[in-house]
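First the structure, in the form of structure tokens, and then the observations on it.
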Amino acid sequence: MSMKISKSGEVTVAAVEGRLDTTTAPAAESTITEAIDGGATKIVIDFSATDYISSAGLRVILKAAKTLHQKDGKLALCSANEQILEVLEMSGFLTMMSHHETLEAAVEAVG
């Protein structure tokens, strides 16, 4: 797994490549935390290149969402494949945060 951070205007985009699981979650959490500590308050997590997400990956997203909420920030998800979307739906994440089919739509939603 790798996570690439980029900017789209005022929105920080965290693109997850590969698997977001127990092994890779600590690095992903660290990367997102650094972005938030650096002033990011509008974040989109892009799953277009993500193969798999486990409960450890879900915890990373939840922690980011809670931290951003405390800072009056926003978090959106985008481009999840069918399997990841099913996990997000079954875990209730889609009732707490939005998922968009495209990165552009997610950036617009939080921007």
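For the structure tokens, the naming scheme is as follows: chains receive sequential letters (A, B, ...) according to their order of presentation, residues are indexed from 1 within each chain, and ligands are indexed from 1 in presentation order.
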
* Using DSSP on the backbone, list every residue of stretch 22-106 of chain A that comes out as helix (DSSP H, G or I), and give them as an NGL selection string. => :A and (25-37 or 55-70 or 82-90 or 93-96 or 103-106)

* To do: Step one, run DSSP on the backbone; step two, keep only residues of chain A assigned to strand (DSSP E or B); then write them as a PyMOL selection string.
  => chain A and resi 2-8+11-20+42-53+74-78+98-100

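Among the candidates A:Ile45, A:Met97, A:Ala109, A:Leu85, the one nearest to A:Thr12 when counting only C-alpha atoms is A:Ile45.
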
* For A:Arg59, please output as an MDAnalysis selection string all residues within 12 Å (counting only C-alpha atoms; exclusion window: fewer than 3 positions along the same chain). => chainID A and resid 20:22 24:26 28:29 53:56 62:66 88 91 93

Same residues, C-alpha atoms, output as a tab-separated table (two decimals), in the first residue's frame:
chain	number	residue	atom	x	y	z
A	20	LEU	CA	-5.58	-0.88	3.37
A	21	ASP	CA	-5.30	-3.51	6.08
A	22	THR	CA	-3.66	-4.28	9.43
A	24	THR	CA	-0.63	-0.84	6.06
A	25	ALA	CA	-3.10	1.03	8.28
A	26	PRO	CA	-0.47	2.58	10.60
A	28	ALA	CA	-1.97	5.46	6.20
A	29	GLU	CA	-3.05	6.86	9.57
A	53	ILE	CA	-9.99	-2.61	3.01
A	54	SER	CA	-10.11	-4.31	6.40
A	55	SER	CA	-11.46	-3.18	9.76
A	56	ALA	CA	-8.05	-1.62	10.45
A	62	LEU	CA	-13.11	6.84	11.26
A	63	LYS	CA	-10.25	8.48	13.16
A	64	ALA	CA	-9.72	10.97	10.33
A	65	ALA	CA	-13.45	11.76	10.23
A	66	LYS	CA	-13.60	12.33	14.00
A	88	LEU	CA	-18.43	0.75	3.74
A	91	SER	CA	-20.22	-1.05	8.41
A	93	PHE	CA	-19.81	4.38	7.15

* Asked: Leaving out A:Gly18 and any residue of its chain fewer than 3 positions from it, which residues lie within 12 Å of it when counting only C-alpha atoms, given as JSON, numbers by chain?
  -> {"A": [1, 2, 3, 4, 15, 21, 23, 24, 25, 28, 46, 47, 48, 49, 50, 51, 52, 53, 54, 57]}

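Counting only C-alpha atoms, the residue from A:Ala27, A:Ile36, A:Val87, A:Ile43 that sits nearest to A:Ser8 is A:Ile43.
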
* **Computed interatomic separation between atom CA of A:Ile5 and atom CA of A:Ala35 (Å)** =>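 We find that atom CA of A:Ile5 and atom CA of A:Ala35 lie 8.2 Å from each other.
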
* To do: Rounded to one decimal place, report the atom CA of A:Thr41-atom CA of A:Val110 distance in Å.
  =>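 A separation of 9.4 Å between them.
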
* Asked: Just how far from atom CA of A:Leu75 is atom CA of A:Ser98, in Å to one decimal?
  -> 7.8 Å

* Using only C-alpha atoms: which of A:Asp72, A:Ala40, A:Glu108, A:Thr67 has the shortest distance to A:Ala14 ->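 Smallest distance to A:Ala14 is found for A:Ala40.
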
Please provide the set of residues having any atom within 6 Å of A:Val44, restricted to only C-alpha atoms, with same-chain residues fewer than 4 positions apart removed, written as a CSV table (one decimal) with N, CA and C atoms, in the first residue's frame.
chain,number,residue,atom,x,y,z
A,13,VAL,N,-6.3,15.5,-1.2
A,13,VAL,CA,-6.7,14.2,-1.7
A,13,VAL,C,-5.7,13.2,-1.3
A,75,LEU,N,-14.9,15.4,5.4
A,75,LEU,CA,-14.3,14.2,4.8
A,75,LEU,C,-15.2,13.6,3.8
A,76,ALA,N,-14.8,13.2,2.6
A,76,ALA,CA,-15.6,12.5,1.7
A,76,ALA,C,-14.7,11.3,1.1
A,77,LEU,N,-15.4,10.3,0.6
A,77,LEU,CA,-14.8,9.1,0.0
A,77,LEU,C,-15.2,9.1,-1.4
